[in-house]
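Chemist: Structure file coords.txt (compact mmCIF, C-alpha atoms and all ligand atoms) right here:
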# COMPACT_ATOMS: atom_id res chain seq x y z
CA MET A 1 14.35 18.92 9.20
CA ALA A 2 11.33 17.45 10.87
CA SER A 3 11.48 14.02 12.42
CA LEU A 4 9.53 11.93 14.89
CA ALA A 5 12.43 12.07 17.38
CA GLU A 6 12.55 15.88 17.22
CA PHE A 7 8.81 16.07 17.84
CA LEU A 8 9.13 13.75 20.85
CA GLN A 9 12.07 15.72 22.24
CA GLN A 10 10.10 18.94 22.49
CA LEU A 11 7.25 17.34 24.45
CA PRO A 12 7.16 18.04 28.20
CA ASP A 13 8.50 15.09 30.25
CA SER A 14 5.07 14.64 31.81
CA GLU A 15 3.68 13.68 28.39
CA VAL A 16 6.09 10.78 27.86
CA LEU A 17 5.95 7.54 29.83
CA ARG A 18 9.31 5.79 29.39
CA ILE A 19 9.29 2.12 30.27
CA THR A 20 12.67 0.46 30.61
CA GLU A 21 11.36 -2.86 31.91
CA PRO A 22 11.39 -5.49 29.13
CA MET A 23 7.88 -5.85 27.78
CA ALA A 24 6.28 -8.37 25.43
CA LEU A 25 4.79 -6.73 22.34
CA ASP A 26 1.78 -8.99 21.96
CA TYR A 27 -1.13 -7.45 23.90
CA PHE A 28 0.93 -5.64 26.57
CA PRO A 29 1.17 -2.19 24.94
CA THR A 30 -2.54 -2.34 24.06
CA ALA A 31 -3.39 -3.28 27.64
CA LEU A 32 -1.22 -0.45 28.95
CA VAL A 33 -2.83 2.17 26.71
CA LEU A 34 -6.35 1.03 27.56
CA GLU A 35 -5.58 1.02 31.31
CA LEU A 36 -4.18 4.56 31.06
CA GLU A 37 -7.36 5.62 29.26
CA ARG A 38 -9.44 4.29 32.14
CA ARG A 39 -7.38 6.59 34.36
CA LYS A 40 -7.93 9.49 31.90
CA ARG A 41 -4.22 9.65 31.16
CA PHE A 42 -2.87 9.89 27.62
CA PRO A 43 0.96 9.99 27.66
CA VAL A 44 3.13 8.85 24.76
CA LEU A 45 4.51 5.37 25.52
CA TRP A 46 8.22 4.89 24.94
CA LEU A 47 9.08 1.22 25.33
CA GLU A 48 12.86 1.05 25.54
CA ARG A 49 13.19 -2.72 25.54
CA PRO A 50 10.40 -4.57 23.78
CA LEU A 51 11.04 -8.29 24.03
CA GLY A 52 12.39 -9.81 20.84
CA SER A 53 13.56 -6.57 19.24
CA ALA A 54 16.40 -4.12 19.54
CA LEU A 55 14.22 -1.24 18.34
CA PRO A 56 12.35 0.97 20.81
CA VAL A 57 8.59 1.20 20.26
CA ILE A 58 6.60 4.42 20.48
CA ALA A 59 2.83 4.22 20.95
CA ASN A 60 -0.15 6.36 21.97
CA LEU A 61 1.33 9.41 20.21
CA PHE A 62 -2.04 10.56 18.86
CA ALA A 63 -4.15 9.98 21.99
CA ASP A 64 -4.37 13.61 23.11
CA ARG A 65 -6.01 16.59 21.39
CA GLY A 66 -3.49 19.09 22.77
CA ARG A 67 -0.63 17.03 21.32
CA ILE A 68 -2.40 16.79 17.97
CA ALA A 69 -2.74 20.58 17.90
CA ARG A 70 1.00 20.81 18.58
CA MET A 71 1.65 18.50 15.60
CA ALA A 72 -0.14 21.05 13.41
CA GLY A 73 1.95 23.85 14.92
CA ALA A 74 -1.04 25.17 16.87
CA ALA A 75 -1.84 25.94 20.50
CA PRO A 76 -4.31 23.62 22.31
CA GLY A 77 -7.81 24.42 21.09
CA GLU A 78 -6.52 26.05 17.90
CA PHE A 79 -6.32 22.90 15.78
CA ASN A 80 -9.33 23.65 13.57
CA ALA A 81 -8.00 27.03 12.49
CA ALA A 82 -4.54 25.61 11.77
CA TRP A 83 -6.00 22.75 9.80
CA LEU A 84 -8.23 24.97 7.65
CA ARG A 85 -5.32 27.32 6.96
CA ALA A 86 -3.25 24.35 5.81
CA GLU A 87 -6.03 23.06 3.54
CA GLU A 88 -6.13 26.44 1.83
CA ASN A 89 -2.37 27.00 1.59
CA PRO A 90 -0.66 23.75 0.55
CA ILE A 91 3.16 23.63 0.38
CA SER A 92 4.70 21.24 -2.16
CA PRO A 93 7.40 18.82 -1.00
CA ARG A 94 11.04 19.03 -2.07
CA ILE A 95 13.16 16.15 -3.37
CA VAL A 96 16.55 15.86 -1.68
CA PRO A 97 19.39 13.53 -2.77
CA SER A 98 19.70 11.55 0.46
CA GLY A 99 18.35 11.26 3.98
CA PRO A 100 18.55 9.31 7.25
CA VAL A 101 15.89 6.84 6.07
CA HIS A 102 18.52 5.42 3.68
CA GLU A 103 21.21 4.87 6.33
CA VAL A 104 20.41 1.15 6.14
CA VAL A 105 19.12 -0.48 2.93
CA LEU A 106 18.05 -4.13 3.05
CA ALA A 107 16.94 -5.61 -0.27
CA GLY A 108 15.89 -9.04 -1.46
CA ASP A 109 16.32 -11.82 1.11
CA GLN A 110 17.75 -9.36 3.63
CA ALA A 111 14.44 -7.51 3.77
CA ASP A 112 12.77 -9.39 6.62
CA ALA A 113 9.87 -7.44 8.10
CA GLY A 114 9.37 -10.25 10.61
CA LEU A 115 12.33 -8.85 12.56
CA LEU A 116 10.51 -5.55 13.18
CA PRO A 117 8.70 -5.10 16.53
CA ILE A 118 5.26 -5.63 15.00
CA ALA A 119 2.68 -6.41 17.70
CA ARG A 120 -0.41 -8.50 17.98
CA HIS A 121 -2.92 -6.11 19.53
CA PHE A 122 -6.07 -8.08 20.40
CA GLN A 123 -6.82 -11.73 21.05
CA GLN A 124 -9.14 -11.96 18.04
CA ASP A 125 -6.57 -10.52 15.59
CA ALA A 126 -5.39 -12.89 12.87
CA GLY A 127 -1.77 -12.13 13.72
CA ARG A 128 0.81 -9.36 14.05
CA TYR A 129 -0.34 -6.11 12.47
CA ILE A 130 1.23 -2.84 11.42
CA GLY A 131 -1.42 -0.21 12.17
CA SER A 132 0.90 2.75 11.79
CA GLY A 133 1.93 2.33 8.15
CA ILE A 134 1.31 5.25 5.81
CA LEU A 135 0.87 3.79 2.33
CA VAL A 136 2.33 6.12 -0.31
CA CYS A 137 1.35 5.39 -3.90
CA ARG A 138 0.69 7.15 -7.18
CA ASP A 139 -2.40 7.57 -9.37
CA PRO A 140 -1.58 5.37 -12.40
CA ASP A 141 -3.06 7.95 -14.79
CA THR A 142 -2.35 11.39 -13.31
CA GLY A 143 0.71 10.56 -11.17
CA VAL A 144 -0.78 12.40 -8.17
CA ARG A 145 0.46 10.81 -4.94
CA ASN A 146 -1.79 9.47 -2.22
CA LEU A 147 -1.06 8.89 1.46
CA SER A 148 -3.39 6.75 3.57
CA TYR A 149 -3.46 4.18 6.38
CA GLN A 150 -4.37 0.60 5.70
CA ARG A 151 -3.87 -2.23 8.15
CA LEU A 152 -1.08 -4.67 7.25
CA GLN A 153 -1.07 -8.25 8.54
CA LEU A 154 2.37 -9.85 8.64
CA LYS A 155 2.17 -13.19 6.81
CA THR A 156 5.85 -13.97 6.13
CA GLY A 157 8.98 -11.78 6.25
CA ASN A 158 8.15 -10.13 2.94
CA ARG A 159 4.42 -10.67 2.53
CA PHE A 160 1.52 -8.84 4.17
CA GLY A 161 -2.23 -9.10 3.90
CA VAL A 162 -3.72 -5.63 3.43
CA SER A 163 -7.30 -4.41 3.52
CA LEU A 164 -8.33 -1.38 1.46
CA HIS A 165 -11.87 -1.55 2.88
CA SER A 166 -12.11 2.21 3.31
CA ARG A 167 -12.30 2.23 -0.52
CA GLY A 168 -10.37 5.47 -0.72
CA HIS A 169 -8.11 6.73 -3.48
CA ILE A 170 -5.66 3.82 -3.18
CA TRP A 171 -8.50 1.38 -3.89
CA ASP A 172 -9.40 3.33 -7.02
CA TYR A 173 -5.73 3.32 -8.12
CA LEU A 174 -5.47 -0.44 -7.61
CA LEU A 175 -8.60 -1.14 -9.66
CA ARG A 176 -7.16 0.89 -12.54
CA CYS A 177 -3.82 -0.95 -12.25
CA GLU A 178 -5.59 -4.31 -12.18
CA ALA A 179 -7.46 -3.45 -15.39
CA ARG A 180 -3.98 -3.27 -17.02
CA ASN A 181 -2.71 -6.30 -15.10
CA ARG A 182 -0.08 -4.18 -13.34
CA ASN A 183 0.91 -4.20 -9.68
CA LEU A 184 0.54 -0.99 -7.65
CA GLU A 185 3.86 0.26 -6.27
CA VAL A 186 3.56 1.25 -2.63
CA ALA A 187 5.97 2.56 -0.02
CA VAL A 188 4.92 1.99 3.60
CA VAL A 189 6.25 4.67 5.95
CA ILE A 190 6.49 3.56 9.59
CA GLY A 191 7.30 6.57 11.79
CA CYS A 192 7.98 10.14 10.67
CA HIS A 193 6.96 13.64 11.81
CA PRO A 194 3.35 13.31 13.01
CA ALA A 195 2.19 16.17 10.74
CA VAL A 196 2.55 13.69 7.86
CA TYR A 197 0.28 11.31 9.79
CA LEU A 198 -2.37 14.00 10.22
CA ALA A 199 -2.25 14.78 6.49
CA ALA A 200 -2.45 11.08 5.59
CA GLY A 201 -5.64 10.77 7.65
CA ALA A 202 -7.42 13.59 5.83
CA LYS A 203 -10.22 12.94 3.41
CA VAL A 204 -9.24 15.37 0.67
CA ALA A 205 -9.93 15.40 -3.09
CA MET A 206 -8.09 12.89 -5.30
CA GLU A 207 -6.20 15.76 -6.98
CA VAL A 208 -4.56 16.68 -3.66
CA ASP A 209 -1.13 15.27 -2.77
CA GLU A 210 -1.25 14.75 1.00
CA TYR A 211 2.46 15.69 1.23
CA ASP A 212 1.36 19.24 0.23
CA LEU A 213 -0.97 19.28 3.21
CA ALA A 214 1.75 17.95 5.53
CA GLY A 215 4.07 20.72 4.30
CA ALA A 216 1.39 23.30 5.05
CA LEU A 217 1.03 21.96 8.62
CA LEU A 218 4.82 22.06 9.09
CA GLY A 219 5.10 25.50 7.49
CA LYS A 220 7.82 24.24 5.13
CA PRO A 221 8.18 21.66 2.35
CA VAL A 222 8.41 18.01 3.43
CA GLU A 223 11.82 16.76 2.25
CA LEU A 224 11.51 13.56 0.24
CA VAL A 225 13.98 10.99 -1.05
CA ARG A 226 13.39 8.62 -3.96
CA CYS A 227 12.90 4.97 -3.00
CA LYS A 228 15.58 2.44 -3.93
CA THR A 229 13.51 -0.22 -5.69
CA ILE A 230 10.26 1.51 -6.72
CA ASP A 231 9.29 4.81 -8.34
CA MET A 232 8.06 6.52 -5.16
CA GLU A 233 9.12 9.21 -2.71
CA VAL A 234 9.18 9.03 1.10
CA PRO A 235 10.11 11.53 3.84
CA ALA A 236 13.91 11.73 4.09
CA GLU A 237 13.48 11.89 7.88
CA ALA A 238 11.30 8.78 8.15
CA GLU A 239 12.26 6.01 10.58
CA ILE A 240 11.50 2.86 8.56
CA VAL A 241 10.14 2.32 5.03
CA LEU A 242 8.92 -0.88 3.37
CA GLU A 243 9.19 -0.63 -0.42
CA GLY A 244 7.02 -2.98 -2.45
CA GLU A 245 3.87 -3.62 -4.45
CA ILE A 246 0.24 -4.53 -3.96
CA LEU A 247 -0.29 -7.46 -6.32
CA ALA A 248 -2.79 -7.10 -9.14
CA ASN A 249 -5.68 -9.58 -9.17
CA VAL A 250 -4.45 -11.56 -6.16
CA ARG A 251 -6.72 -12.08 -3.14
CA GLU A 252 -5.88 -13.92 0.08
CA ASP A 253 -7.55 -14.14 3.47
CA GLU A 254 -6.78 -11.21 5.75
CA GLY A 255 -8.14 -10.51 9.23
CA PRO A 256 -9.94 -10.55 11.54
CA PHE A 257 -8.70 -7.31 13.06
CA GLY A 258 -9.86 -5.17 16.00
CA GLU A 259 -11.38 -2.09 14.38
CA TYR A 260 -12.28 1.37 15.69
CA THR A 261 -15.80 0.26 16.56
CA GLY A 262 -14.41 -1.88 19.38
CA TYR A 263 -15.35 -5.07 17.52
CA SER A 264 -13.25 -7.60 15.67
CA THR A 265 -14.05 -7.61 11.95
CA SER A 266 -13.22 -9.88 9.03
CA ARG A 267 -14.50 -7.39 6.47
CA SER A 268 -11.54 -7.03 4.10
CA THR A 269 -10.66 -6.43 0.45
CA ARG A 270 -8.10 -9.29 0.93
CA ASN A 271 -5.20 -7.72 -0.97
CA VAL A 272 -1.52 -8.70 -0.78
CA PHE A 273 1.50 -6.43 -0.30
CA VAL A 274 4.94 -7.86 -1.16
CA VAL A 275 8.09 -6.21 0.22
CA LYS A 276 11.06 -5.60 -2.12
CA ALA A 277 13.27 -3.65 0.27
CA ILE A 278 13.38 -2.22 3.78
CA THR A 279 15.19 1.06 4.31
CA ARG A 280 15.67 2.66 7.70
CA ARG A 281 17.69 4.84 9.98
CA GLU A 282 20.67 3.35 11.77
CA LYS A 283 18.72 3.53 15.06
CA PRO A 284 15.06 3.90 14.16
CA LEU A 285 12.09 4.27 16.46
CA PHE A 286 9.25 1.90 15.62
CA LEU A 287 5.94 3.77 15.78
CA ASP A 288 2.87 1.73 16.66
CA ILE A 289 -0.68 3.03 16.63
CA ILE A 290 -2.87 1.09 19.03
CA PRO A 291 -5.88 0.10 16.91
CA GLY A 292 -9.42 -0.73 17.93
CA TYR A 293 -11.48 1.51 20.20
CA SER A 294 -8.48 3.46 21.50
CA SER A 295 -8.28 7.22 21.79
CA GLU A 296 -5.38 7.50 19.40
CA HIS A 297 -7.01 5.44 16.67
CA LEU A 298 -10.23 7.41 16.96
CA LEU A 299 -8.65 10.87 17.30
CA LEU A 300 -6.34 10.38 14.34
CA GLY A 301 -9.31 9.55 12.16
CA ARG A 302 -11.38 12.33 13.60
CA CYS A 303 -9.52 15.60 14.13
CA ALA A 304 -9.17 16.58 10.47
CA LYS A 305 -12.70 15.43 9.73
CA GLU A 306 -14.07 17.48 12.62
CA ALA A 307 -12.33 20.64 11.36
CA HIS A 308 -13.49 20.04 7.80
CA VAL A 309 -17.12 19.25 8.66
CA PHE A 310 -17.28 22.15 11.15
CA GLN A 311 -16.24 24.59 8.43
CA ARG A 312 -18.69 23.21 5.84
CA ILE A 313 -21.64 23.55 8.29
CA LYS A 314 -20.52 27.02 9.39
CA GLU A 315 -20.51 28.24 5.79
CA VAL A 316 -24.28 27.62 5.78
CA VAL A 317 -25.12 28.11 9.47
CA PRO A 318 -22.79 30.91 10.64
CA THR A 319 -24.10 30.68 14.21
CA LEU A 320 -22.32 27.31 14.66
CA VAL A 321 -19.94 27.44 17.65
CA ALA A 322 -18.35 24.00 18.10
CA LEU A 323 -18.50 20.38 16.92
CA ASN A 324 -17.30 17.26 18.74
CA TYR A 325 -17.25 13.60 17.81
CA PRO A 326 -17.20 12.03 21.29
CA LYS A 327 -15.09 8.95 21.83
CA SER A 328 -18.08 7.08 23.27
CA GLY A 329 -19.77 7.14 19.87
CA THR A 330 -16.71 5.84 18.00
CA HIS A 331 -17.27 7.74 14.68
CA PHE A 332 -21.06 7.49 14.83
CA HIS A 333 -22.10 10.22 17.32
CA ALA A 334 -21.58 13.99 17.11
CA TYR A 335 -22.48 16.98 19.26
CA LEU A 336 -22.70 20.52 17.92
CA SER A 337 -23.39 23.82 19.64
CA LEU A 338 -24.74 27.01 18.16
CA LYS A 339 -25.76 30.52 19.12
CA LYS A 340 -29.26 30.06 17.79
CA THR A 341 -30.92 33.12 16.22
CA ALA A 342 -34.02 31.43 14.80
CA GLU A 343 -36.12 28.36 15.47
CA GLY A 344 -35.29 25.45 13.15
CA GLN A 345 -31.65 26.47 12.89
CA ALA A 346 -30.49 23.57 15.07
CA ARG A 347 -32.29 21.04 12.87
CA HIS A 348 -30.82 22.72 9.79
CA ALA A 349 -27.30 22.30 11.22
CA LEU A 350 -28.04 18.66 12.14
CA MET A 351 -29.25 17.86 8.62
CA LEU A 352 -26.09 19.39 7.15
CA LEU A 353 -24.01 17.24 9.49
CA PHE A 354 -25.81 14.05 8.41
CA GLY A 355 -25.36 15.06 4.77
CA LEU A 356 -21.65 15.76 5.13
CA ASP A 357 -20.68 12.69 7.13
CA PRO A 358 -22.45 9.39 6.44
CA TYR A 359 -20.78 7.78 9.50
CA VAL A 360 -22.85 9.92 11.90
CA LYS A 361 -26.13 8.38 13.00
CA PHE A 362 -26.85 10.13 16.33
CA ALA A 363 -26.38 13.88 16.58
CA VAL A 364 -27.30 16.41 19.25
CA ALA A 365 -27.56 20.19 18.90
CA VAL A 366 -27.11 22.30 22.06
CA ASP A 367 -26.88 25.99 22.92
CA GLU A 368 -23.53 27.76 23.07
CA ASP A 369 -23.40 27.69 26.90
CA ILE A 370 -22.96 23.90 26.70
CA ASP A 371 -19.42 22.55 26.21
CA VAL A 372 -19.77 19.89 23.52
CA PHE A 373 -16.43 18.40 24.61
CA ASN A 374 -17.94 17.68 28.03
CA GLU A 375 -20.31 14.78 27.52
CA GLU A 376 -21.94 15.27 30.93
CA GLU A 377 -23.02 18.79 29.95
CA VAL A 378 -24.49 17.53 26.68
CA LEU A 379 -26.52 14.91 28.55
CA TRP A 380 -27.63 17.61 31.03
CA ALA A 381 -28.89 19.71 28.12
CA ILE A 382 -30.84 16.70 26.82
CA ALA A 383 -32.26 16.18 30.34
CA THR A 384 -33.42 19.77 30.72
CA ARG A 385 -34.05 21.27 27.24
CA PHE A 386 -35.34 18.36 25.18
CA GLN A 387 -38.67 16.57 24.72
CA ALA A 388 -38.66 13.49 22.48
CA ASP A 389 -42.11 14.06 20.97
CA THR A 390 -41.27 17.48 19.50
CA ASP A 391 -37.48 17.86 19.49
CA MET A 392 -36.36 14.72 17.69
CA PHE A 393 -36.38 13.52 14.09
CA VAL A 394 -35.50 10.16 12.55
CA VAL A 395 -34.52 9.49 8.93
CA ASN A 396 -34.75 5.82 7.98
CA ARG A 397 -32.39 3.73 5.87
CA VAL A 398 -29.55 6.07 4.96
CA PHE A 399 -26.11 5.05 3.63
CA CYS A 400 -23.68 4.55 6.54
CA ASN A 401 -20.39 2.90 7.52
CA ARG A 402 -20.54 -0.87 7.17
CA LEU A 403 -18.28 -1.45 10.18
CA ASP A 404 -21.23 -0.49 12.41
CA PRO A 405 -22.33 -3.99 13.50
CA SER A 406 -25.93 -2.79 13.89
CA ALA A 407 -26.15 -1.48 10.31
CA VAL A 408 -28.44 -3.35 7.92
CA ASP A 409 -27.37 -3.66 4.26
CA GLY A 410 -24.94 -0.74 4.67
CA MET A 411 -27.69 1.54 5.91
CA SER A 412 -28.66 2.97 9.28
CA ALA A 413 -31.29 5.29 10.73
CA LYS A 414 -30.23 8.84 11.59
CA VAL A 415 -31.56 10.48 14.74
CA GLY A 416 -31.23 14.18 15.42
CA LEU A 417 -31.90 15.70 18.86
CA ASP A 418 -32.55 19.41 19.17
CA ALA A 419 -31.60 20.06 22.80
CA THR A 420 -31.49 23.84 22.39
CA ALA A 421 -33.82 25.96 24.49
CA PRO A 422 -36.78 27.64 22.79
CA PRO A 423 -36.44 31.41 22.17
CA ASN A 424 -37.44 33.69 25.08
CA TRP A 425 -37.07 30.80 27.51
CA ASP A 426 -37.70 32.22 30.99
CA VAL A 427 -35.55 29.67 32.81
CA GLU A 428 -32.39 30.87 34.44
CA ARG A 429 -29.22 28.83 35.01
CA THR A 430 -27.63 29.16 38.42
CA THR A 431 -24.44 31.19 38.23
CA LEU A 432 -21.56 32.53 40.35
CA PRO A 433 -19.83 35.90 40.18
CA SER A 434 -16.67 35.73 38.05
CA GLU A 435 -14.56 37.25 40.89
CA ALA A 436 -15.33 34.22 43.05
CA VAL A 437 -14.49 31.76 40.29
CA ASP A 438 -11.26 33.56 39.34
CA PHE A 439 -10.20 33.73 42.99
CA VAL A 440 -10.68 30.04 43.72
CA ARG A 441 -8.94 29.09 40.48
CA LYS A 442 -5.92 31.08 41.62
CA ILE A 443 -5.96 29.38 45.03
CA LEU A 444 -6.30 25.94 43.50
CA GLY A 445 -3.41 26.76 41.18
CA GLN A 446 -1.23 27.39 44.24
CA PHE A 447 -1.99 23.84 45.37
CA GLY A 448 -1.19 22.54 41.89
CA LEU A 449 -4.83 21.50 41.38
MN MN B 501 -5.67 11.26 -1.87
Go through the file and emit its structure as structure tokens.
Modeler:
Amino acid sequence: MASLAEFLQQLPDSEVLRITEPMALDYFPTALVLELERRKRFPVLWLERPLGSALPVIANLFADRGRIARMAGAAPGEFNAAWLRAEENPISPRIVPSGPVHEVVLAGDQADAGLLPIARHFQQDAGRYIGSGILVCRDPDTGVRNLSYQRLQLKTGNRFGVSLHSRGHIWDYLLRCEARNRNLEVAVVIGCHPAVYLAAGAKVAMEVDEYDLAGALLGKPVELVRCKTIDMEVPAEAEIVLEGEILANVREDEGPFGEYTGYSTSRSTRNVFVVKAITRREKPLFLDIIPGYSSEHLLLGRCAKEAHVFQRIKEVVPTLVALNYPKSGTHFHAYLSLKKTAEGQARHALMLLFGLDPYVKFAVAVDEDIDVFNEEEVLWAIATRFQADTDMFVVNRVFCNRLDPSAVDGMSAKVGLDATAPPNWDVERTTLPSEAVDFVRKILGQFGL
């Protein structure tokens, strides 16, 4: 058993902001999350009474790194290790005969997604969007399942616009279905144990079933039930599932939508998802993921990638210490630290990073005494250990992410900054004795600071 509600129950009260006041779904939850971010606060939002719906809405679940580590069964700061262990030790899911997600089955005309508390998130958005749907589908040739997120724009009660612009495995599946003039069966999971969400966000090989990865994070097989109207399996403990198909060779306008870059974009593959049935718990929670340039949208796309890229660089540069994709850079900036043992090692690590992740276009290497998760320290290292004429390199016109509004023809320039100190640097950082630091930390702790 592993459900969203169980995960929420074991969070400390301080991590959950319960709002009982009736709240409109259009814009208000987004505004609330972004205001909390300005205050450097990242609680889960639990909206008890969203206007126009009987279902409570959960949002901002993925906005905090400590909580994401917990989802992977790890202590804060231990996410990378837990993730890499899971990648290496997948656990296959288990089919069970029934589950809470089938407590209510609404098929045909009864399946009205318009009744769900689907929000409009930004003023530029084309309409109400599900940003928290995990699309589960199957490779038409090998049968291997795929889990991924794609934005879904509510058009009518049983019709959504969907963009597969990330051109991941689901896009490849659809193209192969379209060549045979067949629709692609898809189940959309809205709300389940967040470990399944982490797995669905991973960029793993096409041969990997993301449920195996989710099982590895949970330490036990994910229990699945067979869908009612399509040949697909969904977590038995899910909150809500839309069963349906992406139509072959049909294109309709979709978007614009507020993307992770912080800009509204109309870039879309313009596909159409048609709902055949809605299945759900008797009393489901509706999970929303605030899209755009929000911490949860960025972290969910980033944590697994960070762990994966870190490990690939470390295999070649074993002196690598840490890697961070700062929120300020959306997915385009990265900071790495290393315990440098030879000149040129920092540039080597930076080139590996650019090679592994085409989204990155600005990367900084610092020494191990700099905390890459503290942006102020990284900028201090640039201020005091970096000279632009000798410590910087630029590579022109490299493949990049097209959602970067400054990219030209899908290409961008890459800039690497080596802000590590030269060897035998005779400059000394100011320090304090550890007894003094330990003592004041204890005192501050007594004041709850
Ligand atoms: Mn896949």
Chemist: Could you check how far atom CA of A:Thr420 sits from atom CA of A:Phe386, in Å to one decimal?
Modeler: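 Atom CA of A:Thr420 sits 7.3 Å away from atom CA of A:Phe386.
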Chemist: When distances are computed from all atoms listed in the file, which of A:Gly133, A:Gly244, A:Gly168, A:Pro291 shows the smallest separation from ligand MN 501 (chain B)?
Modeler: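 Using all atoms listed in the file, the shortest distance to ligand MN 501 (chain B) belongs to A:Gly168.
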Chemist: Report as a tab-separated table (two decimals) with C-alpha atoms, in the frame of the given file all protein, DNA and RNA residues lying within 12 Å of A:Asp13, evaluated on all atoms listed in the file, omitting residues in the same chain fewer than 2 positions from it.
Modeler:
chain	number	residue	atom	x	y	z
A	8	LEU	CA	9.13	13.75	20.85
A	9	GLN	CA	12.07	15.72	22.24
A	10	GLN	CA	10.10	18.94	22.49
A	11	LEU	CA	7.25	17.34	24.45
A	15	GLU	CA	3.68	13.68	28.39
A	16	VAL	CA	6.09	10.78	27.86
A	17	LEU	CA	5.95	7.54	29.83
A	18	ARG	CA	9.31	5.79	29.39
A	43	PRO	CA	0.96	9.99	27.66
A	44	VAL	CA	3.13	8.85	24.76
A	45	LEU	CA	4.51	5.37	25.52
A	46	TRP	CA	8.22	4.89	24.94
Chemist: Using only C-alpha atoms and all ligand atoms, which residues have at least one atom no more than 8 Å from ligand MN 501 (chain B)? Output them as a PyMOL selection string.
Modeler: chain A and resi 145-148+168-170+203-210
Chemist: Put a box with edges along x, y and z around all the listed atoms of stretch 120-136 of chain A, pad it by 3 Å on each side, then give me its centre and sizes in Å, one decimal, as AutoDock Vina command-line options.
Modeler:
--center_x -3.4 --center_y -3.4 --center_z 10.4 --size_x 17.5 --size_y 25.0 --size_z 27.4
Chemist: Enter the distance from atom CA of A:Asn183 to atom CA of A:Glu245, in Å, rounded to one decimal.
Modeler: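 Taking atom CA of A:Asn183 as the start and atom CA of A:Glu245 as the end point, the length is 6.0 Å.
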Chemist: I need the residue nearest A:Glu343 from this list: A:Lys414, A:Asn424, A:Arg94, A:Gly191. Use only C-alpha atoms for the distance.
Modeler: A:Asn424
Chemist: Provide the atom CA of A:Gln110 to atom CA of A:Glu243 distance in Å, to one decimal place.
Modeler: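 According to the coordinates, atom CA of A:Gln110 and atom CA of A:Glu243 are separated by 12.9 Å.
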Chemist: As a PDB file with C-alpha atoms, in the coordinates of the input, please: the residues near A:Phe310 (cut-off 12 Å, only C-alpha atoms, same-chain neighbours under 5 positions excluded).
Modeler:
ATOM      1  CA  PHE A  79      -6.320  22.900  15.780  1.00  0.00           C
ATOM      2  CA  ASN A  80      -9.330  23.650  13.570  1.00  0.00           C
ATOM      3  CA  ALA A  81      -8.000  27.030  12.490  1.00  0.00           C
ATOM      4  CA  TRP A  83      -6.000  22.750   9.800  1.00  0.00           C
ATOM      5  CA  LEU A  84      -8.230  24.970   7.650  1.00  0.00           C
ATOM      6  CA  ARG A 302     -11.380  12.330  13.600  1.00  0.00           C
ATOM      7  CA  CYS A 303      -9.520  15.600  14.130  1.00  0.00           C
ATOM      8  CA  ALA A 304      -9.170  16.580  10.470  1.00  0.00           C
ATOM      9  CA  LYS A 305     -12.700  15.430   9.730  1.00  0.00           C
ATOM     10  CA  GLU A 315     -20.510  28.240   5.790  1.00  0.00           C
ATOM     11  CA  VAL A 316     -24.280  27.620   5.780  1.00  0.00           C
ATOM     12  CA  VAL A 317     -25.120  28.110   9.470  1.00  0.00           C
ATOM     13  CA  PRO A 318     -22.790  30.910  10.640  1.00  0.00           C
ATOM     14  CA  THR A 319     -24.100  30.680  14.210  1.00  0.00           C
ATOM     15  CA  LEU A 320     -22.320  27.310  14.660  1.00  0.00           C
ATOM     16  CA  VAL A 321     -19.940  27.440  17.650  1.00  0.00           C
ATOM     17  CA  ALA A 322     -18.350  24.000  18.100  1.00  0.00           C
ATOM     18  CA  LEU A 323     -18.500  20.380  16.920  1.00  0.00           C
ATOM     19  CA  ASN A 324     -17.300  17.260  18.740  1.00  0.00           C
ATOM     20  CA  TYR A 325     -17.250  13.600  17.810  1.00  0.00           C
ATOM     21  CA  ALA A 334     -21.580  13.990  17.110  1.00  0.00           C
ATOM     22  CA  TYR A 335     -22.480  16.980  19.260  1.00  0.00           C
ATOM     23  CA  LEU A 336     -22.700  20.520  17.920  1.00  0.00           C
ATOM     24  CA  SER A 337     -23.390  23.820  19.640  1.00  0.00           C
ATOM     25  CA  LEU A 338     -24.740  27.010  18.160  1.00  0.00           C
ATOM     26  CA  ALA A 349     -27.300  22.300  11.220  1.00  0.00           C
ATOM     27  CA  LEU A 350     -28.040  18.660  12.140  1.00  0.00           C
ATOM     28  CA  LEU A 352     -26.090  19.390   7.150  1.00  0.00           C
ATOM     29  CA  LEU A 353     -24.010  17.240   9.490  1.00  0.00           C
ATOM     30  CA  LEU A 356     -21.650  15.760   5.130  1.00  0.00           C
ATOM     31  CA  ASP A 357     -20.680  12.690   7.130  1.00  0.00           C
TER      32      ASP A 357
END
Chemist: Report as a tab-separated table the residues of stretch 118-234 of chain A within 9 Å of stretch 30-37 of chain A, each with its shortest atom pair and distance in Å (one decimal), using all atoms listed in the file, ordered by chain and increasing residue number.
Modeler:
residue	atom	partner	partner_atom	distance
A:Arg120	CA	A:Thr30	CA	8.9
A:His121	CA	A:Thr30	CA	5.9
A:Phe122	CA	A:Thr30	CA	7.7
Chemist: Within 8 Å of A:Phe332, counting only C-alpha atoms, which residues qualify if same-chain residues fewer than 6 places away don't, as a VMD selection string?
Modeler: chain A and resid 325 359 to 362
Chemist: What lies within 12 Å of A:Pro100 using all atoms listed in the file, ignoring chain neighbours under 6 positions off, as a count of residues only?
Modeler: 21
Chemist: Closest to A:Glu254 among A:Val188, A:Leu152, A:Arg182, A:Ile230, using all atoms listed in the file?
Modeler: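 Ranking A:Val188, A:Leu152, A:Arg182, A:Ile230 by distance to A:Glu254, first place goes to A:Leu152.
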